[in-house]
file input-v4.cif (mmCIF, C-alpha atoms)
data_run
#
loop_
_atom_site.group_PDB
_atom_site.id
_atom_site.type_symbol
_atom_site.label_atom_id
_atom_site.label_comp_id
_atom_site.auth_asym_id
_atom_site.auth_seq_id
_atom_site.Cartn_x
_atom_site.Cartn_y
_atom_site.Cartn_z
ATOM 1 C CA MET A 26 -31.621 -3.906 285.956
ATOM 2 C CA ALA A 27 -32.302 -5.824 282.786
ATOM 3 C CA ALA A 28 -33.692 -3.985 279.793
ATOM 4 C CA LYS A 29 -37.317 -4.603 279.003
ATOM 5 C CA GLU A 30 -37.954 -6.740 276.024
ATOM 6 C CA LYS A 31 -40.414 -5.466 273.421
ATOM 7 C CA TYR A 32 -43.142 -7.636 271.884
ATOM 8 C CA VAL A 33 -45.585 -7.018 269.059
ATOM 9 C CA PHE A 34 -48.756 -8.978 268.169
ATOM 10 C CA ASP A 35 -48.524 -10.886 264.874
ATOM 11 C CA LYS A 36 -52.079 -10.982 263.413
ATOM 12 C CA THR A 37 -51.138 -13.557 260.797
ATOM 13 C CA ARG A 38 -49.946 -16.114 263.289
ATOM 14 C CA MET A 39 -52.237 -14.862 266.110
ATOM 15 C CA GLU A 40 -49.446 -14.664 268.652
ATOM 16 C CA PHE A 41 -46.999 -12.218 270.268
ATOM 17 C CA ARG A 42 -43.551 -11.971 268.621
ATOM 18 C CA LYS A 43 -40.385 -10.612 270.121
ATOM 19 C CA VAL A 44 -39.037 -7.514 268.344
ATOM 20 C CA THR A 45 -35.444 -7.884 267.166
ATOM 21 C CA ARG A 46 -33.310 -4.807 266.180
ATOM 22 C CA THR A 47 -31.198 -5.011 263.016
ATOM 23 C CA VAL A 48 -28.253 -2.833 261.918
ATOM 24 C CA TRP A 49 -30.312 -1.414 259.039
ATOM 25 C CA SER A 50 -33.156 -0.323 261.324
ATOM 26 C CA VAL A 51 -30.751 1.453 263.670
ATOM 27 C CA THR A 52 -28.940 3.124 260.730
ATOM 28 C CA LYS A 53 -32.209 4.200 259.145
ATOM 29 C CA LYS A 54 -33.371 5.822 262.357
ATOM 30 C CA ALA A 55 -30.008 7.597 262.814
ATOM 31 C CA LEU A 56 -30.156 8.940 259.244
ATOM 32 C CA GLY A 57 -33.628 10.246 259.880
ATOM 33 C CA TYR A 58 -32.517 12.128 262.978
ATOM 34 C CA PHE A 59 -29.480 13.548 261.057
ATOM 35 C CA LEU A 60 -31.585 14.791 258.131
ATOM 36 C CA VAL A 61 -34.090 16.463 260.433
ATOM 37 C CA THR A 62 -31.281 18.164 262.384
ATOM 38 C CA ALA A 63 -29.507 19.346 259.206
ATOM 39 C CA SER A 64 -32.737 20.712 257.742
ATOM 40 C CA LEU A 65 -33.452 22.673 260.904
ATOM 41 C CA ALA A 66 -29.866 24.057 260.862
ATOM 42 C CA VAL A 67 -30.287 25.302 257.269
ATOM 43 C CA VAL A 68 -33.621 26.928 258.087
ATOM 44 C CA TYR A 69 -32.139 28.651 261.144
ATOM 45 C CA TYR A 70 -29.121 29.893 259.092
ATOM 46 C CA VAL A 71 -31.326 31.336 256.329
ATOM 47 C CA ILE A 72 -33.521 33.131 258.855
ATOM 48 C CA PHE A 73 -30.427 34.477 260.666
ATOM 49 C CA SER A 74 -28.758 35.686 257.456
ATOM 50 C CA LEU A 75 -31.916 37.499 256.339
ATOM 51 C CA ILE A 76 -32.374 39.305 259.628
ATOM 52 C CA VAL A 77 -28.810 39.945 260.792
ATOM 53 C CA ASN A 78 -26.126 41.657 258.600
ATOM 54 C CA THR A 79 -22.455 41.058 259.315
ATOM 55 C CA ASP A 80 -19.773 43.756 259.029
ATOM 56 C CA SER A 81 -18.605 42.291 255.706
ATOM 57 C CA GLU A 82 -22.108 42.361 254.268
ATOM 58 C CA ARG A 83 -22.649 45.957 255.364
ATOM 59 C CA LYS A 84 -19.327 46.934 253.728
ATOM 60 C CA LEU A 85 -20.291 45.153 250.510
ATOM 61 C CA LYS A 86 -23.613 46.977 250.403
ATOM 62 C CA ARG A 87 -21.841 50.325 250.808
ATOM 63 C CA ASP A 88 -19.395 49.409 248.019
ATOM 64 C CA ILE A 89 -22.232 48.397 245.697
ATOM 65 C CA GLN A 90 -24.007 51.705 246.280
ATOM 66 C CA MET A 91 -20.775 53.601 245.626
ATOM 67 C CA TYR A 92 -20.234 51.673 242.355
ATOM 68 C CA LYS A 93 -23.798 52.445 241.277
ATOM 69 C CA ASN A 94 -23.226 56.170 241.797
ATOM 70 C CA ALA A 95 -19.849 56.070 240.031
ATOM 71 C CA TYR A 96 -21.278 54.051 237.131
ATOM 72 C CA SER A 97 -23.977 56.655 236.568
ATOM 73 C CA GLU A 98 -21.334 59.398 236.459
ATOM 74 C CA MET A 99 -19.162 57.354 234.087
ATOM 75 C CA LEU A 100 -22.092 56.876 231.716
ATOM 76 C CA GLN A 101 -22.545 60.642 231.524
ATOM 77 C CA LYS A 102 -18.832 61.144 230.792
ATOM 78 C CA GLU A 103 -18.910 58.394 228.178
ATOM 79 C CA GLU A 104 -21.847 60.075 226.449
ATOM 80 C CA LEU A 105 -20.004 63.413 226.488
ATOM 81 C CA ILE A 106 -16.826 61.863 225.042
ATOM 82 C CA GLY A 107 -18.888 60.098 222.377
ATOM 83 C CA ASP A 108 -20.425 63.404 221.282
ATOM 84 C CA VAL A 109 -16.984 65.048 221.157
ATOM 85 C CA LEU A 110 -15.481 62.196 219.127
ATOM 86 C CA GLU A 111 -18.414 62.246 216.731
ATOM 87 C CA GLY A 112 -17.867 65.948 216.163
ATOM 88 C CA LEU A 113 -14.155 65.397 215.594
ATOM 89 C CA LYS A 114 -14.939 62.637 213.109
ATOM 90 C CA VAL A 115 -17.131 65.005 211.070
ATOM 91 C CA LYS A 116 -14.433 67.681 211.087
ATOM 92 C CA ASP A 117 -11.804 65.087 210.173
ATOM 93 C CA GLU A 118 -13.847 63.972 207.169
ATOM 94 C CA ASN A 119 -14.318 67.576 206.017
ATOM 95 C CA ILE A 120 -10.580 68.265 206.232
ATOM 96 C CA TYR A 121 -9.715 65.090 204.330
ATOM 97 C CA ARG A 122 -12.147 66.054 201.572
ATOM 98 C CA GLN A 123 -10.778 69.602 201.348
ATOM 99 C CA ILE A 124 -7.088 68.717 201.536
ATOM 100 C CA PHE A 125 -6.715 65.134 200.298
ATOM 101 C CA ASN A 126 -9.802 64.905 198.041
ATOM 102 C CA SER A 127 -10.696 61.571 199.634
ATOM 103 C CA ASP A 128 -12.679 60.115 202.505
ATOM 104 C CA ALA A 129 -11.026 59.920 205.896
ATOM 105 C CA PRO A 130 -9.688 56.424 206.756
ATOM 106 C CA ASP A 131 -11.695 54.289 209.145
ATOM 107 C CA LEU A 132 -10.080 54.418 212.571
ATOM 108 C CA GLY A 133 -11.872 51.293 213.782
ATOM 109 C CA THR A 134 -12.706 50.834 217.452
ATOM 110 C CA VAL A 135 -10.513 51.462 220.446
ATOM 111 C CA TYR A 136 -10.163 48.112 222.210
ATOM 112 C CA PRO A 137 -7.576 47.741 225.007
ATOM 113 C CA GLU A 138 -7.089 44.008 224.514
ATOM 114 C CA GLY A 139 -4.266 43.754 226.990
ATOM 115 C CA PHE A 140 -6.483 44.993 229.808
ATOM 116 C CA LEU A 141 -9.805 43.412 228.882
ATOM 117 C CA SER A 142 -8.284 39.984 228.298
ATOM 118 C CA VAL A 143 -7.711 39.635 232.064
ATOM 119 C CA ILE A 144 -10.636 41.733 233.243
ATOM 120 C CA ASP A 145 -12.154 38.822 235.208
ATOM 121 C CA SER A 146 -9.152 38.852 237.538
ATOM 122 C CA VAL A 147 -9.003 42.650 237.975
ATOM 123 C CA GLU A 148 -10.393 44.332 241.059
ATOM 124 C CA ASP A 149 -13.394 46.647 240.597
ATOM 125 C CA LYS A 150 -11.513 49.625 241.984
ATOM 126 C CA ASP A 151 -8.697 49.049 239.478
ATOM 127 C CA ILE A 152 -11.203 48.932 236.598
ATOM 128 C CA MET A 153 -12.752 52.208 237.746
ATOM 129 C CA GLU A 154 -9.344 53.841 238.113
ATOM 130 C CA TYR A 155 -8.305 52.608 234.646
ATOM 131 C CA VAL A 156 -11.497 53.871 232.993
ATOM 132 C CA GLY A 157 -11.234 57.206 234.774
ATOM 133 C CA LYS A 158 -7.682 57.767 233.555
ATOM 134 C CA LYS A 159 -8.660 56.757 230.028
ATOM 135 C CA LEU A 160 -11.501 59.285 230.062
ATOM 136 C CA GLU A 161 -9.137 62.029 231.232
ATOM 137 C CA LEU A 162 -6.635 61.170 228.482
ATOM 138 C CA LEU A 163 -9.386 61.180 225.864
ATOM 139 C CA GLU A 164 -10.642 64.551 227.057
ATOM 140 C CA ASP A 165 -7.115 66.017 226.892
ATOM 141 C CA ALA A 166 -6.498 64.484 223.461
ATOM 142 C CA SER A 167 -9.816 65.732 222.098
ATOM 143 C CA GLY A 168 -8.947 69.242 223.313
ATOM 144 C CA ARG A 169 -5.575 69.176 221.545
ATOM 145 C CA ILE A 170 -7.110 67.806 218.347
ATOM 146 C CA GLU A 171 -9.796 70.473 218.447
ATOM 147 C CA ALA A 172 -7.126 73.179 218.767
ATOM 148 C CA ASN A 173 -5.143 71.685 215.859
ATOM 149 C CA PHE A 174 -8.251 71.563 213.686
ATOM 150 C CA GLN A 175 -8.973 75.196 214.450
ATOM 151 C CA ARG A 176 -5.434 76.199 213.431
ATOM 152 C CA VAL A 177 -5.637 74.173 210.202
ATOM 153 C CA MET A 178 -9.028 75.589 209.271
ATOM 154 C CA ALA A 179 -7.850 79.130 210.070
ATOM 155 C CA ALA A 180 -4.823 78.665 207.801
ATOM 156 C CA LEU A 181 -7.022 77.338 204.997
ATOM 157 C CA ASP A 182 -9.546 80.163 205.340
ATOM 158 C CA SER A 183 -6.871 82.849 205.397
ATOM 159 C CA GLY A 184 -5.167 81.512 202.285
ATOM 160 C CA GLY A 185 -1.956 80.845 204.182
ATOM 161 C CA VAL A 186 -1.731 77.340 202.683
ATOM 162 C CA LYS A 187 -1.441 77.724 198.935
ATOM 163 C CA SER A 188 -0.226 74.213 198.172
ATOM 164 C CA LEU A 189 0.443 70.988 200.014
ATOM 165 C CA PRO A 190 3.679 69.071 200.596
ATOM 166 C CA PRO A 191 4.203 65.716 198.838
ATOM 167 C CA LEU A 192 1.835 63.501 200.842
ATOM 168 C CA THR A 193 1.356 60.545 198.492
ATOM 169 C CA ASN A 194 3.150 57.204 198.519
ATOM 170 C CA PRO A 195 5.019 56.970 195.170
ATOM 171 C CA LEU A 196 4.105 53.279 194.901
ATOM 172 C CA GLY A 197 0.431 52.669 194.152
ATOM 173 C CA ASP A 198 -0.367 49.273 195.673
ATOM 174 C CA PHE A 199 1.721 49.284 198.845
ATOM 175 C CA SER A 200 1.710 47.144 201.994
ATOM 176 C CA TYR A 201 3.407 48.210 205.235
ATOM 177 C CA ALA A 202 5.343 44.912 205.226
ATOM 178 C CA ARG A 203 7.397 46.294 202.319
ATOM 179 C CA THR A 204 8.739 49.188 204.382
ATOM 180 C CA GLY A 205 12.520 49.227 204.646
ATOM 181 C CA ALA A 206 15.085 51.417 206.395
ATOM 182 C CA SER A 207 14.476 55.134 206.662
ATOM 183 C CA VAL A 208 16.753 58.133 207.253
ATOM 184 C CA GLY A 209 19.643 57.645 209.684
ATOM 185 C CA GLN A 210 22.677 55.483 210.378
ATOM 186 C CA LYS A 211 22.101 52.045 208.829
ATOM 187 C CA ILE A 212 24.292 49.063 207.956
ATOM 188 C CA ASN A 213 25.428 49.237 204.348
ATOM 189 C CA PRO A 214 24.495 45.917 202.655
ATOM 190 C CA PHE A 215 27.724 45.802 200.624
ATOM 191 C CA TYR A 216 30.373 46.962 203.116
ATOM 192 C CA LYS A 217 28.583 45.803 206.318
ATOM 193 C CA VAL A 218 29.503 49.004 208.179
ATOM 194 C CA PRO A 219 27.291 51.825 209.511
ATOM 195 C CA ALA A 220 26.659 54.532 206.936
ATOM 196 C CA TYR A 221 24.243 57.431 206.605
ATOM 197 C CA HIS A 222 21.087 56.498 204.719
ATOM 198 C CA GLY A 223 19.363 59.546 203.266
ATOM 199 C CA GLY A 224 15.970 58.215 202.249
ATOM 200 C CA LEU A 225 13.256 55.609 202.726
ATOM 201 C CA ASP A 226 13.533 52.152 201.141
ATOM 202 C CA LEU A 227 10.258 50.919 199.663
ATOM 203 C CA ILE A 228 10.740 47.262 198.749
ATOM 204 C CA SER A 229 9.008 46.320 195.513
ATOM 205 C CA GLN A 230 9.056 44.081 192.463
ATOM 206 C CA GLN A 231 11.131 44.923 189.425
ATOM 207 C CA GLY A 232 9.171 47.033 186.964
ATOM 208 C CA GLU A 233 6.448 48.290 189.334
ATOM 209 C CA PRO A 234 5.281 51.809 188.347
ATOM 210 C CA VAL A 235 6.623 54.774 190.302
ATOM 211 C CA TYR A 236 4.404 57.871 190.573
ATOM 212 C CA ALA A 237 5.017 61.526 191.421
ATOM 213 C CA ALA A 238 4.162 62.206 195.073
ATOM 214 C CA ALA A 239 2.783 65.695 194.295
ATOM 215 C CA ASP A 240 2.420 68.264 191.523
ATOM 216 C CA GLY A 241 5.701 69.801 190.416
ATOM 217 C CA VAL A 242 8.380 70.262 187.796
ATOM 218 C CA VAL A 243 11.079 67.701 186.995
ATOM 219 C CA ARG A 244 14.288 69.174 188.367
ATOM 220 C CA TYR A 245 16.675 66.681 186.823
ATOM 221 C CA VAL A 246 16.895 63.163 185.437
ATOM 222 C CA ASP A 247 20.126 61.270 186.046
ATOM 223 C CA HIS A 248 21.154 57.969 184.480
ATOM 224 C CA SER A 249 24.035 56.156 186.138
ATOM 225 C CA SER A 250 25.331 52.677 186.867
ATOM 226 C CA LYS A 251 26.769 53.774 190.213
ATOM 227 C CA GLY A 252 25.501 55.220 193.459
ATOM 228 C CA LEU A 253 21.749 55.827 193.348
ATOM 229 C CA GLY A 254 21.541 54.679 189.707
ATOM 230 C CA ASN A 255 18.745 56.173 187.624
ATOM 231 C CA VAL A 256 17.211 59.108 189.518
ATOM 232 C CA VAL A 257 14.319 61.498 188.944
ATOM 233 C CA ALA A 258 14.079 64.623 191.118
ATOM 234 C CA ILE A 259 10.944 66.794 191.190
ATOM 235 C CA SER A 260 10.623 70.316 192.605
ATOM 236 C CA HIS A 261 7.372 71.111 194.413
ATOM 237 C CA ALA A 262 5.890 74.242 195.933
ATOM 238 C CA ASN A 263 6.969 75.570 199.343
ATOM 239 C CA GLY A 264 10.584 74.436 198.885
ATOM 240 C CA TYR A 265 9.976 70.682 198.676
ATOM 241 C CA VAL A 266 12.009 68.362 196.421
ATOM 242 C CA THR A 267 11.399 64.613 196.046
ATOM 243 C CA SER A 268 13.886 62.123 194.581
ATOM 244 C CA TYR A 269 13.197 58.635 193.203
ATOM 245 C CA ALA A 270 16.304 56.454 192.866
ATOM 246 C CA HIS A 271 17.402 53.019 191.551
ATOM 247 C CA LEU A 272 14.796 53.239 188.769
ATOM 248 C CA GLU A 273 14.805 50.657 186.015
ATOM 249 C CA ASN A 274 13.908 53.392 183.536
ATOM 250 C CA THR A 275 12.580 56.958 183.483
ATOM 251 C CA ARG A 276 9.537 58.345 181.666
ATOM 252 C CA VAL A 277 9.947 62.099 182.170
ATOM 253 C CA SER A 278 12.475 64.729 181.145
ATOM 254 C CA ARG A 279 14.007 67.787 182.801
ATOM 255 C CA GLY A 280 11.677 70.787 183.000
ATOM 256 C CA GLN A 281 8.542 68.718 182.409
ATOM 257 C CA LYS A 282 5.491 69.575 184.517
ATOM 258 C CA VAL A 283 3.955 66.600 186.308
ATOM 259 C CA VAL A 284 0.865 66.118 188.430
ATOM 260 C CA ARG A 285 0.435 63.942 191.488
ATOM 261 C CA GLY A 286 0.051 60.322 190.390
ATOM 262 C CA LYS A 287 1.901 60.793 187.085
ATOM 263 C CA GLN A 288 4.119 57.776 186.309
ATOM 264 C CA ILE A 289 7.747 58.900 186.184
ATOM 265 C CA GLY A 290 9.486 55.515 185.903
ATOM 266 C CA GLN A 291 9.630 51.930 187.105
ATOM 267 C CA VAL A 292 11.184 50.221 190.115
ATOM 268 C CA GLY A 293 14.581 48.693 189.408
ATOM 269 C CA MET A 294 17.971 48.052 190.982
ATOM 270 C CA SER A 295 20.215 50.360 188.993
ATOM 271 C CA GLY A 296 23.362 51.656 190.687
ATOM 272 C CA ASN A 297 24.375 50.156 194.018
ATOM 273 C CA SER A 298 21.176 48.352 194.901
ATOM 274 C CA PHE A 299 21.031 45.187 196.991
ATOM 275 C CA ALA A 300 17.591 44.185 195.626
ATOM 276 C CA PRO A 301 14.738 45.777 193.628
ATOM 277 C CA HIS A 302 13.367 48.712 195.598
ATOM 278 C CA LEU A 303 12.613 52.423 195.404
ATOM 279 C CA HIS A 304 14.894 54.766 197.324
ATOM 280 C CA PHE A 305 12.623 57.742 198.085
ATOM 281 C CA GLU A 306 13.948 61.044 199.429
ATOM 282 C CA VAL A 307 12.241 64.282 200.525
ATOM 283 C CA ARG A 308 13.984 67.616 201.063
ATOM 284 C CA LYS A 309 12.514 70.786 202.517
ATOM 285 C CA ASP A 310 14.469 73.967 201.699
ATOM 286 C CA SER A 311 17.480 71.765 200.807
ATOM 287 C CA LEU A 312 17.332 69.968 204.204
ATOM 288 C CA ARG A 313 16.802 66.214 204.136
ATOM 289 C CA VAL A 314 13.704 65.024 206.053
ATOM 290 C CA ASP A 315 12.176 61.613 206.771
ATOM 291 C CA PRO A 316 9.814 60.753 203.866
ATOM 292 C CA LEU A 317 7.711 58.616 206.195
ATOM 293 C CA ASN A 318 6.481 61.777 207.911
ATOM 294 C CA TYR A 319 4.666 62.689 204.674
ATOM 295 C CA MET A 320 2.899 59.405 203.922
ATOM 296 C CA PHE A 321 0.130 59.376 206.537
ATOM 297 C CA ALA A 322 -2.445 60.631 204.026
ATOM 298 C CA SER A 323 -2.062 57.656 201.680
ATOM 299 C CA VAL A 324 -2.272 54.751 204.165
ATOM 300 C CA THR A 325 -4.549 53.729 207.012
ATOM 301 C CA PRO A 326 -3.605 54.734 210.583
ATOM 302 C CA ASP A 327 -2.787 51.116 211.473
ATOM 303 C CA ASP A 328 -0.562 50.671 208.414
ATOM 304 C CA TYR A 329 1.165 53.982 209.110
ATOM 305 C CA MET A 330 1.901 52.880 212.677
ATOM 306 C CA TRP A 331 3.469 49.649 211.404
ATOM 307 C CA MET A 332 5.445 51.545 208.740
ATOM 308 C CA LEU A 333 6.918 53.744 211.471
ATOM 309 C CA PHE A 334 7.775 50.687 213.544
ATOM 310 C CA MET A 335 9.405 48.803 210.676
ATOM 311 C CA SER A 336 11.403 51.752 209.327
ATOM 312 C CA SER A 337 12.856 52.568 212.750
ATOM 313 C CA ASN A 338 13.691 48.928 213.541
ATOM 314 C CA THR A 339 15.253 48.013 210.189
ATOM 315 C CA GLY A 340 18.992 48.242 210.775
ATOM 316 C CA GLN A 341 20.237 47.599 207.214
ATOM 317 C CA SER A 342 19.504 49.653 204.117
ATOM 318 C CA MET A 343 18.990 48.286 200.592
ATOM 319 C CA ASP A 344 21.682 50.539 199.022
#

call {"tool": "encode", "arguments": {"input": "input-v4.cif", "output": "structure tokens"}}
result
Amino acid sequence: MAAKEKYVFDKTRMEFRKVTRTVWSVTKKALGYFLVTASLAVVYYVIFSLIVNTDSERKLKRDIQMYKNAYSEMLQKEELIGDVLEGLKVKDENIYRQIFNSDAPDLGTVYPEGFLSVIDSVEDKDIMEYVGKKLELLEDASGRIEANFQRVMAALDSGGVKSLPPLTNPLGDFSYARTGASVGQKINPFYKVPAYHGGLDLISQQGEPVYAAADGVVRYVDHSSKGLGNVVAISHANGYVTSYAHLENTRVSRGQKVVRGKQIGQVGMSGNSFAPHLHFEVRKDSLRVDPLNYMFASVTPDDYMWMLFMSSNTGQSMD
């Protein structure tokens, strides 16, 4: 059966004209049907998603509620830790003023860069676990610090601490980058073999002033072109003795009383010295100790950390 032909009346020419179908007209009609169908599909999907929840969506909602509850608890713990740290800061400042006659160094902010730098790729549960462990560590640390503060304050109140050990860096303007080898087996710069190094090397320029690390009495002054060269030794209270070696010159004499910060000489390279530096030693009841353990009061916490790192990783001494 032949298809019926379609005609339309042309008013301009006042006659019937046969309708011809073009590719564009067919394409246009097909596009129209496609757009209508797609629009209806989107509407149906939105309505379905609003009414019906899948298992994954229900699980996500439960997780979100759990995170909200945990976040509220974490905020309370954070507030508690903040109050504790603020109290410790006040006590720390009081102790520094009583003992060191100076303001406590600024500790800065705790910022775990290694963790936060990749936080976008870390799972939520891992972040919560990390923060929880950090809070527990901070609580434990604050408890230990509180106990230490109580012991220190009790000793001060009872008069058990009559004088302090030598806590000052003998070089005034000092940067942690100038820290050399400390106590232990180090490579001798002249013989290139391991040898015991009995002090801390503080690298400096020739002629820089050297100061007494604490109040005391000059025990002896030695001038020599060998060994430790020109040396000043000072006796302090509680059995402490400090020694300052490889000096260019000395400015005190035996038996002289000195106060902390008194200039006793200048940095040099007398004796067996590889380069200008101060060889600083501390003894407690005639036993040699690491001088770096007594310098925390004269540098910032960050600088002290780097001084510890550099002194322990420097394998060769300067004398």

call {"tool": "resolve_selection", "arguments": {"input": "input-v4.cif", "expression": "the PyMOL selection byres ((chain A and resi 255-258) around 9)", "output": "PyMOL selection string"}}
result
chain A and resi 242-254+259-260+266-275+277-279+289-290+293-296

call {"tool": "closest_residue", "arguments": {"input": "input-v4.cif", "among": "A:Leu60, A:Ala238, A:Leu113, A:Leu225", "to": "Met332 (chain A)", "atoms": "all atoms listed in the file"}}
result
A:Leu225

call {"tool": "closest_residue", "arguments": {"input": "input-v4.cif", "among": "A:Gly224, A:Ser81, A:Tyr329, A:Gln90", "to": "Gln210 (chain A)", "atoms": "all atoms listed in the file"}}
result
A:Gly224

call {"tool": "resolve_selection", "arguments": {"input": "input-v4.cif", "expression": "the PyMOL selection byres ((chain A and resi 193-202) around 7)", "output": "ChimeraX atom specification"}}
result
/A:191-192,203-204,234-239,320,322-323,328,331-332

call {"tool": "atom_distance", "arguments": {"input": "input-v4.cif", "atom1": "CA of Asp240 (chain A)", "atom2": "CA of Phe321 (chain A)"}}
result
17.6 Å
